[in-house]
There are 2 protein chains.
Amino acid sequence: MIKVVVIGSGNVAQHLIEVLLQKEGVALVQAFARTPSHLASLLPITTITSDYQEIIEADVYIVSVSDDAIAEVTALLPFENRLVVHTSGSSTLSVVHSKNRAGVFYPLQTFTKGKSIDFTAIPICLEAENELDYALLTTLGSALSQTVLTIDSEQRKSLHVAAVFVCNFVNHLYEIGAEICEKNDVPFEILHPLIQETAHKILERSPREAQTGPALRNDTKTITQHLDFLENSTYQNIYQLLTQSIQHVKKL
Amino acid sequence: MIKVVVIGSGNVAQHLIEVLLQKEGVALVQAFARTPSHLASLLPITTITSDYQEIIEADVYIVSVSDDAIAEVTALLPFENRLVVHTSGSSTLSVVHSKNRAGVFYPLQTFTKGKSIDFTAIPICLEAENELDYALLTTLGSALSQTVLTIDSEQRKSLHVAAVFVCNFVNHLYEIGAEICEKNDVPFEILHPLIQETAHKILERSPREAQTGPALRNDTKTITQHLDFLENSTYQNIYQLLTQSIQHVKKL
């Protein structure tokens with residue numbers, strides 16, 4: 001039985017607590033939150049502490065706080081030589097204060113407050129300072145997910161950058177699409193099947209093979225019409241830049 | 001029984017032929033292709049013609065050719081006062097030569113050669129010059145899909161622009177993500193669950209509510225790190241422009 005303490009009460013921390021409570025071979029023995037009420041819907045209040053001195057012993061401490069707070073929070077932990085991991089895509093292993101053994105337990109997914117998610121499908125990217133700790137993280141990761149990988153700090157940074165493109169930026173393009181629909185009295189839902197198919201396509205073929213549209217065809221007439229249609233200059237710039245980038249990649 | 005002739009042999013034409021052959025209440029009586037062999041895997045060669053003079057009588061002619069060719073192809077049709085529709089998102093009703101009754105039958109989806117698709121989930125956007133023709137297109141559309149909508153030429157143009165953002169541009173961001181992974185020896189497949197979840201999220205909440213990430217949090221430290229990490233100046237520009245746009249929308 002792996003004893004786990006989760007430190008943090010944000011979105012990722014809450015999803016981790018939820019799944020850790022469900023899985024066999026894992027015991028969530030405590031959670032730390034500056035404001036315990038944030039976790040009150042998930043855990044008995046006696047299992048939550050807001051006092052660093054009260055943090056109990058465990059096999060692994062999962063620090064799921066904002067990137068900027070990892071160094072500070074791990075420095076405040078009142079113990080030494082235990083396994084302390086963070087869950088950040090963009091922070092190195094060494095951000096964890098050196099008095100404890102550092103690791104990374106990064107679930108590569110977008111978490112939404114109040115929306116449950118199938119954790120078994122989420123890749124968990126691991127890093128640790130030594131083999132024993134890595135083995136423990138592998139056991140823990142495998143209890144939650146079907147996909148557990150070794151990803152070093154540099155690879156994890158690249159994954160995080162890529163994730164911003166395929167998640168945050170993609171979602172912003174959905175947002176622009178929704179805004180265009182709204183302005184023209186067209187329900188955004190009409191685009192739902194197209195959005196789902198575009199995402200499904202790349203499960204079977206590379207995004208490069210899957211590309212279609214006026215930019216790829218170099219259909220300058222349609223491109224010019226679209227740029228005229230867009231009144232928002234930022235959206236015109238985005239349209240132009242992405243069109244050029246598609247055409248540039250095509251030539252490679 | 002609605003008798004249909006499909007004119008064209010491209011991606012959309014082939015998917016239409018495939019589904020028209022399967023549905024009850026619809027008879028695909030002929031297809032026109034300049035190069036009949038393009039359709040030989042779908043239809044008996046006797047059902048395909050490459051001679052405009054040989055096109056037979058039907059209730060509706062679906063002209064599924066490139067946008068630029070619609071005017072020319074519909075001008076070459078050797079008959080008058082029949083219902084002739086195009087399948088283009090970015091062409092107006094009036095592109096169809098005026099000797100016939102014009103209509104639009106626009107399936108809003110991205111079609112991939114050789115990849116079958118569930119047509120029942122594809123919204124079909126209709127437009128016609130008169131009510132009788134519109135009624136026939138509605139019957140035809142309903143035979144293929146659960147979602148049939150009246151969309152006028154201006155709305156269809158807006159939908160097409162929005163579709164470029166949520167499909168072609170989104171796919172290009174997938175492409176950039178795949179390239180970043182490849183350069184850093186990380187399998188792109190690790191991002192598949194994130195991509196699917198990002199697409200699923202907006203079925204339940206608006207893209208604006210679904211947004212997360214460093215741009216939204218105004219996490220300038222991470223943004224600067226990511227820009228440093230990206231060596232490709234086009235990708236840096238895309239990162240910067242989309243980050244600014246996310247932050248601008250947030251303030252609205």
# chains A, B, ... in the order shown; residues from 1 in each chain; ligands from 1

call {"tool": "residues_around", "arguments": {"residues": "B:Asp228", "least_positions_apart": "2", "cutoff": "12 Å", "atoms": "only C-alpha atoms", "output": "ChimeraX atom specification"}}
result
/A:157-158,161 /B:221-226,230-233,235-237,239-240

call {"tool": "interface_residues", "arguments": {"of": "chain B", "to": "chain A", "cutoff": "7 Å", "atoms": "only C-alpha atoms", "output": "MDAnalysis selection string"}}
result
chainID B and resid 108:110 121:123 155 158:159 161:175 177 180:181 184 186 190 193:196 198:199 207:208 211:213 226 234 238 241:242 245:246

call {"tool": "write_last_selection", "arguments": {"atoms": "C-alpha atoms", "output": "PDB file, in the first residue's frame"}}
result
ATOM      1  CA  LEU B 108     -20.122  20.886 -42.911  1.00  0.00           C
ATOM      2  CA  GLN B 109     -17.371  18.370 -42.314  1.00  0.00           C
ATOM      3  CA  THR B 110     -13.756  17.597 -43.173  1.00  0.00           C
ATOM      4  CA  ALA B 121     -23.836  13.288 -37.672  1.00  0.00           C
ATOM      5  CA  ILE B 122     -22.885  15.825 -40.344  1.00  0.00           C
ATOM      6  CA  PRO B 123     -24.883  19.073 -40.399  1.00  0.00           C
ATOM      7  CA  GLN B 155     -24.209  32.803 -42.818  1.00  0.00           C
ATOM      8  CA  SER B 158     -19.257  32.944 -41.768  1.00  0.00           C
ATOM      9  CA  LEU B 159     -19.493  29.210 -41.056  1.00  0.00           C
ATOM     10  CA  VAL B 161     -14.463  31.089 -42.022  1.00  0.00           C
ATOM     11  CA  ALA B 162     -15.182  29.622 -38.577  1.00  0.00           C
ATOM     12  CA  ALA B 163     -14.556  26.119 -39.965  1.00  0.00           C
ATOM     13  CA  VAL B 164     -11.105  27.170 -41.185  1.00  0.00           C
ATOM     14  CA  PHE B 165     -10.264  28.252 -37.622  1.00  0.00           C
ATOM     15  CA  VAL B 166     -11.639  25.171 -35.827  1.00  0.00           C
ATOM     16  CA  CYS B 167     -10.493  22.612 -38.407  1.00  0.00           C
ATOM     17  CA  ASN B 168      -7.604  23.637 -40.697  1.00  0.00           C
ATOM     18  CA  PHE B 169      -5.909  25.968 -38.222  1.00  0.00           C
ATOM     19  CA  VAL B 170      -6.502  23.617 -35.296  1.00  0.00           C
ATOM     20  CA  ASN B 171      -4.976  20.808 -37.326  1.00  0.00           C
ATOM     21  CA  HIS B 172      -1.960  22.998 -38.030  1.00  0.00           C
ATOM     22  CA  LEU B 173      -1.489  23.504 -34.284  1.00  0.00           C
ATOM     23  CA  TYR B 174      -1.574  19.701 -33.937  1.00  0.00           C
ATOM     24  CA  GLU B 175       1.119  19.642 -36.618  1.00  0.00           C
ATOM     25  CA  GLY B 177       2.765  20.006 -31.518  1.00  0.00           C
ATOM     26  CA  ILE B 180       7.947  19.780 -31.240  1.00  0.00           C
ATOM     27  CA  CYS B 181       7.510  16.217 -29.920  1.00  0.00           C
ATOM     28  CA  ASN B 184      12.566  16.166 -28.584  1.00  0.00           C
ATOM     29  CA  VAL B 186       8.796  12.317 -27.353  1.00  0.00           C
ATOM     30  CA  ILE B 190       1.277  11.114 -25.515  1.00  0.00           C
ATOM     31  CA  PRO B 193      -5.714  12.091 -24.821  1.00  0.00           C
ATOM     32  CA  LEU B 194      -5.184  15.823 -24.253  1.00  0.00           C
ATOM     33  CA  ILE B 195      -6.271  16.591 -27.820  1.00  0.00           C
ATOM     34  CA  GLN B 196      -9.407  14.458 -27.509  1.00  0.00           C
ATOM     35  CA  THR B 198      -9.821  19.488 -25.413  1.00  0.00           C
ATOM     36  CA  ALA B 199     -12.266  18.729 -28.245  1.00  0.00           C
ATOM     37  CA  PRO B 207     -14.620  27.430 -25.317  1.00  0.00           C
ATOM     38  CA  ARG B 208     -14.314  30.574 -23.270  1.00  0.00           C
ATOM     39  CA  GLN B 211      -9.828  27.933 -21.416  1.00  0.00           C
ATOM     40  CA  THR B 212      -6.799  27.170 -19.197  1.00  0.00           C
ATOM     41  CA  GLY B 213      -3.021  27.606 -19.461  1.00  0.00           C
ATOM     42  CA  HIS B 226       8.249  28.715 -23.945  1.00  0.00           C
ATOM     43  CA  THR B 234       7.078  31.550 -37.119  1.00  0.00           C
ATOM     44  CA  ILE B 238       2.074  32.191 -33.478  1.00  0.00           C
ATOM     45  CA  LEU B 241      -0.133  36.296 -31.167  1.00  0.00           C
ATOM     46  CA  LEU B 242      -2.406  33.579 -29.733  1.00  0.00           C
ATOM     47  CA  SER B 245      -5.445  37.156 -28.233  1.00  0.00           C
ATOM     48  CA  ILE B 246      -6.350  34.889 -25.278  1.00  0.00           C
TER      49      ILE B 246
END

call {"tool": "residues_around", "arguments": {"residues": "A:Ala75", "least_positions_apart": "3", "cutoff": "12 Å", "atoms": "only C-alpha atoms", "output": "list in words"}}
result
Tyr52, Val63, Ala69, Ile70, Ala71, Glu72, Pro78, Phe79, Glu80, Val84, Val95, Val96, His97, Ser98, Lys99, Asn100 and Ala102 of chain A

call {"tool": "write_last_selection", "arguments": {"atoms": "C-alpha atoms", "output": "mmCIF file, in the first residue's frame"}}
result
data_model
loop_
_atom_site.group_PDB
_atom_site.id
_atom_site.type_symbol
_atom_site.label_atom_id
_atom_site.label_comp_id
_atom_site.auth_asym_id
_atom_site.auth_seq_id
_atom_site.Cartn_x
_atom_site.Cartn_y
_atom_site.Cartn_z
ATOM 1 C CA TYR A 52 2.855 22.221 7.727
ATOM 2 C CA VAL A 63 2.938 18.859 -4.375
ATOM 3 C CA ALA A 69 4.940 28.145 -5.423
ATOM 4 C CA ILE A 70 6.712 24.758 -5.715
ATOM 5 C CA ALA A 71 10.074 25.994 -4.416
ATOM 6 C CA GLU A 72 8.543 27.841 -1.487
ATOM 7 C CA PRO A 78 9.231 20.096 8.090
ATOM 8 C CA PHE A 79 10.972 16.812 7.196
ATOM 9 C CA GLU A 80 13.946 15.539 5.209
ATOM 10 C CA VAL A 84 8.534 14.843 -2.764
ATOM 11 C CA VAL A 95 12.723 23.059 -8.177
ATOM 12 C CA VAL A 96 11.855 20.694 -5.317
ATOM 13 C CA HIS A 97 13.880 21.764 -2.267
ATOM 14 C CA SER A 98 16.999 19.633 -1.955
ATOM 15 C CA LYS A 99 16.381 18.554 1.651
ATOM 16 C CA ASN A 100 14.033 15.900 0.251
ATOM 17 C CA ALA A 102 12.819 15.070 -5.720
#
